[in-house]
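Student: Below is one structure. I have some questions about it.
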Amino acid sequence: MREKIDFKDLRKKMVAQQIMARGISDKKVLEAFGKVPRENFINEDSYSDAYDDRPLPIGYGQTISQPYIVALMTESLELEGDETVLEIGTGSGYQTAILAEIVKQIYSIEIVIPLYERAKKILSSYKNILMAGRDGYFGWKEYSPFDRIIVTAAPEEIPPPLIDQLKNDGIMIVPSGPTGWNQVLLKITKKNGKLSTTKICDVAFVPLTRRHD
Ligand code: SAH
């Protein structure tokens, strides 16, 4: 099954038709998408859909995001390459790998333990990824503050610990709002301790869940 699919060709087409064609132009972002094998991050029975222009189920009620959305969020982080990034919602680990190709160090937290364990295996070749399996609401104080924060599940309101852990001059990309509709992708910047928020676009993400233990 896997052997019969020309993933390299599909990947090239994805970059051209789904990502560049929609206006993503950051070279570092395009290069990362050209490198990371998306098929490694999805379930075997969806291999032939790996490069489809849509999110795909990854089990446990979660999804791997649409390639364009991953690209848009990555470009919106305005990365130079020397940043430390906190990611909340590892999921498949695909976004994590894309970021690891670009930045110095990424810290990624996933609340669904089997997903955390699966992503940890898939991402084991990257030396600049540190992962934790727990509720990401509280961020990762030990390694804070972060140059960038990316949240890949939607909270109804931005968790205050994440705001606290964003460096001055830092950028946070986060979807926000109730599940299913009325969600917006936000870019939050911190300057001299003050926040400013701009809307990037409308989106549909899985909710940021909480664990009370
Ligand atoms: N970028 C990922 C998106 C996965 S979906 C990808 O493309 O694969 C969002 C993920 O956030 C899910 O795996 C979900 O389990 C996780 N999540 C939800 N609430 C969370 C929380 N409070 N802390 C950490 N992860 C959370």
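To be explicit about the labels: the chains of the structure tokens are called A, B, and onward in the order shown, and within each one the residues are counted from 1, while ligands get numbers from 1 in the order they are shown.
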Using only C-alpha atoms and all ligand atoms, determine which residues fall within 7 Å of ligand 1, then list them as a PyMOL selection string.

Tutor: chain A and resi 62-65+70+88-95+109-112+115+134-137+152-153+206-210

Student: Sorted by chain and rising residue number, list the residues of stretch 116-149 of chain A at most 12 Å from stretch 57-60 of chain A (counting only C-alpha atoms), each with its closest atom pair and distance in Å to one decimal, as JSON lines.

Tutor:
{"residue": "A:Tyr116", "atom": "CA", "partner": "A:Tyr60", "partner_atom": "CA", "distance": 11.5}
{"residue": "A:Arg118", "atom": "CA", "partner": "A:Ile58", "partner_atom": "CA", "distance": 10.6}
{"residue": "A:Ala119", "atom": "CA", "partner": "A:Ile58", "partner_atom": "CA", "distance": 11.0}

Student: With N, CA and C atoms retained, write the just-selected residues as a PDB file, in the first residue's frame.

Tutor:
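Result written to result-v9.pdb:
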ATOM      1  N   TYR A 116       0.379  11.453  22.826  1.00  0.00           N
ATOM      2  CA  TYR A 116       1.702  11.925  23.278  1.00  0.00           C
ATOM      3  C   TYR A 116       2.740  10.848  23.034  1.00  0.00           C
ATOM      4  N   ARG A 118       2.629   8.256  20.987  1.00  0.00           N
ATOM      5  CA  ARG A 118       2.830   7.972  19.558  1.00  0.00           C
ATOM      6  C   ARG A 118       3.705   9.057  18.917  1.00  0.00           C
ATOM      7  N   ALA A 119       3.375  10.323  19.221  1.00  0.00           N
ATOM      8  CA  ALA A 119       4.145  11.436  18.640  1.00  0.00           C
ATOM      9  C   ALA A 119       5.592  11.392  19.110  1.00  0.00           C
TER      10      ALA A 119
END

Student: Identify, on the basis of only C-alpha atoms, every residue whose closest approach to A:Ile129 does not exceed 12 Å; exclude the query and any residue fewer than 4 positions from it along the same chain; express the result as a PyMOL selection string.

Tutor: chain A and resi 84-87+90+93+95-109+119-125

Student: Wanna dump the stretch 74-179 of chain A-stretch 184-197 of chain A contacts at 9 Å for me, each residue with its shortest atom pair and the distance in Å to one decimal, counting only C-alpha atoms, ordered by chain and number, as a Markdown table?

Tutor:
| residue | atom | partner | partner_atom | distance |
| --- | --- | --- | --- | --- |
| A:Ser76 | CA | A:Lys187 | CA | 7.5 |
| A:Leu77 | CA | A:Lys187 | CA | 8.3 |
| A:Ala154 | CA | A:Leu185 | CA | 8.9 |
| A:Ile163 | CA | A:Lys190 | CA | 8.6 |
| A:Leu166 | CA | A:Lys190 | CA | 7.5 |
| A:Lys167 | CA | A:Lys190 | CA | 7.3 |
| A:Asn168 | CA | A:Lys190 | CA | 5.4 |
| A:Asp169 | CA | A:Lys191 | CA | 5.1 |
| A:Gly170 | CA | A:Lys190 | CA | 5.6 |
| A:Ile171 | CA | A:Thr189 | CA | 4.6 |
| A:Met172 | CA | A:Ile188 | CA | 5.0 |
| A:Ile173 | CA | A:Lys187 | CA | 4.8 |
| A:Val174 | CA | A:Leu186 | CA | 5.3 |
| A:Pro175 | CA | A:Leu185 | CA | 4.1 |
| A:Ser176 | CA | A:Val184 | CA | 5.5 |
| A:Gly177 | CA | A:Val184 | CA | 6.7 |

Student: Determine, counting only C-alpha atoms, which protein, DNA and RNA residues have an atom within 8 Å of an atom of stretch 8-17 of chain A; residues of the same chain fewer than 4 positions away are not included. Present the result as a count of residues only.

Tutor: 10

Student: What is the atom CA of A:Asp26 to atom CA of A:Asp147 distance in Å?

Tutor: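 According to the coordinates, atom CA of A:Asp26 and atom CA of A:Asp147 are separated by 18.4 Å.
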
Student: Between A:Leu130, A:Val36, A:Ile19, A:Ile149, single out the one closest to A:Leu79, counting only C-alpha atoms.

Tutor: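 Looking at the shortest contact to A:Leu79, the residue is A:Ile149.
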
Student: When you count only C-alpha atoms, which of these residues is closest to A:Glu83: A:Gln183, A:Pro161, A:Arg148, A:Asp202?

Tutor: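 Checking each candidate against A:Glu83, we get A:Arg148 as the closest.
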
Student: Given only C-alpha atoms as the basis, pick out the residue of A:Gly139, A:Ala204, A:Phe7, A:Val29 nearest to A:Pro55.

Tutor: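 Among the listed residues, the smallest separation from A:Pro55 belongs to A:Ala204.
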
Student: Considering only C-alpha atoms, can you say which of A:Gly133, A:Asn182, A:Ile200, A:Lys141 comes closest to A:Glu75?

Tutor: A:Ile200

Student: Write out as a ChimeraX atom specification all residues of stretch 160-204 of chain A that backbone DSSP assigns to alpha helix (DSSP H).

Tutor: /A:160-164

Student: Take the residues from that selection and put them in a file with all heavy atoms, as a PDB file, in the first residue's frame.

Tutor:
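Output contents, as saved in out-v2.pdb:
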ATOM      1  N   PRO A 160      -4.531  32.377  31.012  1.00  0.00           N
ATOM      2  CA  PRO A 160      -3.617  33.401  31.557  1.00  0.00           C
ATOM      3  C   PRO A 160      -2.169  32.909  31.732  1.00  0.00           C
ATOM      4  O   PRO A 160      -1.239  33.686  31.486  1.00  0.00           O
ATOM      5  CB  PRO A 160      -4.268  33.785  32.888  1.00  0.00           C
ATOM      6  CG  PRO A 160      -5.714  33.455  32.703  1.00  0.00           C
ATOM      7  CD  PRO A 160      -5.769  32.273  31.798  1.00  0.00           C
ATOM      8  N   PRO A 161      -1.939  31.626  32.139  1.00  0.00           N
ATOM      9  CA  PRO A 161      -0.541  31.198  32.281  1.00  0.00           C
ATOM     10  C   PRO A 161       0.242  31.305  30.961  1.00  0.00           C
ATOM     11  O   PRO A 161       1.442  31.569  30.972  1.00  0.00           O
ATOM     12  CB  PRO A 161      -0.649  29.733  32.728  1.00  0.00           C
ATOM     13  CG  PRO A 161      -2.014  29.598  33.315  1.00  0.00           C
ATOM     14  CD  PRO A 161      -2.879  30.556  32.554  1.00  0.00           C
ATOM     15  N   LEU A 162      -0.454  31.099  29.842  1.00  0.00           N
ATOM     16  CA  LEU A 162       0.241  31.174  28.554  1.00  0.00           C
ATOM     17  C   LEU A 162       0.628  32.615  28.241  1.00  0.00           C
ATOM     18  O   LEU A 162       1.716  32.891  27.738  1.00  0.00           O
ATOM     19  CB  LEU A 162      -0.629  30.595  27.429  1.00  0.00           C
ATOM     20  CG  LEU A 162      -1.004  29.117  27.577  1.00  0.00           C
ATOM     21  CD1 LEU A 162      -1.751  28.623  26.338  1.00  0.00           C
ATOM     22  CD2 LEU A 162       0.237  28.255  27.815  1.00  0.00           C
ATOM     23  N   ILE A 163      -0.259  33.544  28.566  1.00  0.00           N
ATOM     24  CA  ILE A 163       0.048  34.969  28.381  1.00  0.00           C
ATOM     25  C   ILE A 163       1.270  35.343  29.225  1.00  0.00           C
ATOM     26  O   ILE A 163       2.193  36.009  28.753  1.00  0.00           O
ATOM     27  CB  ILE A 163      -1.152  35.848  28.826  1.00  0.00           C
ATOM     28  CG1 ILE A 163      -2.407  35.429  28.076  1.00  0.00           C
ATOM     29  CG2 ILE A 163      -0.822  37.334  28.734  1.00  0.00           C
ATOM     30  CD1 ILE A 163      -2.855  36.257  26.935  1.00  0.00           C
ATOM     31  N   ASP A 164       1.280  34.861  30.484  1.00  0.00           N
ATOM     32  CA  ASP A 164       2.409  35.159  31.384  1.00  0.00           C
ATOM     33  C   ASP A 164       3.721  34.614  30.848  1.00  0.00           C
ATOM     34  O   ASP A 164       4.779  35.196  31.062  1.00  0.00           O
ATOM     35  CB  ASP A 164       2.178  34.521  32.769  1.00  0.00           C
ATOM     36  CG  ASP A 164       1.081  35.220  33.534  1.00  0.00           C
ATOM     37  OD1 ASP A 164       0.715  36.345  33.139  1.00  0.00           O
ATOM     38  OD2 ASP A 164       0.579  34.636  34.515  1.00  0.00           O
TER      39      ASP A 164
END

Student: Pick the closest to A:Pro114 from A:Pro145, A:Thr74, A:Ala132, A:Lys27: which is it, counting only C-alpha atoms?

Tutor: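 Among the listed residues, the smallest separation from A:Pro114 belongs to A:Ala132.
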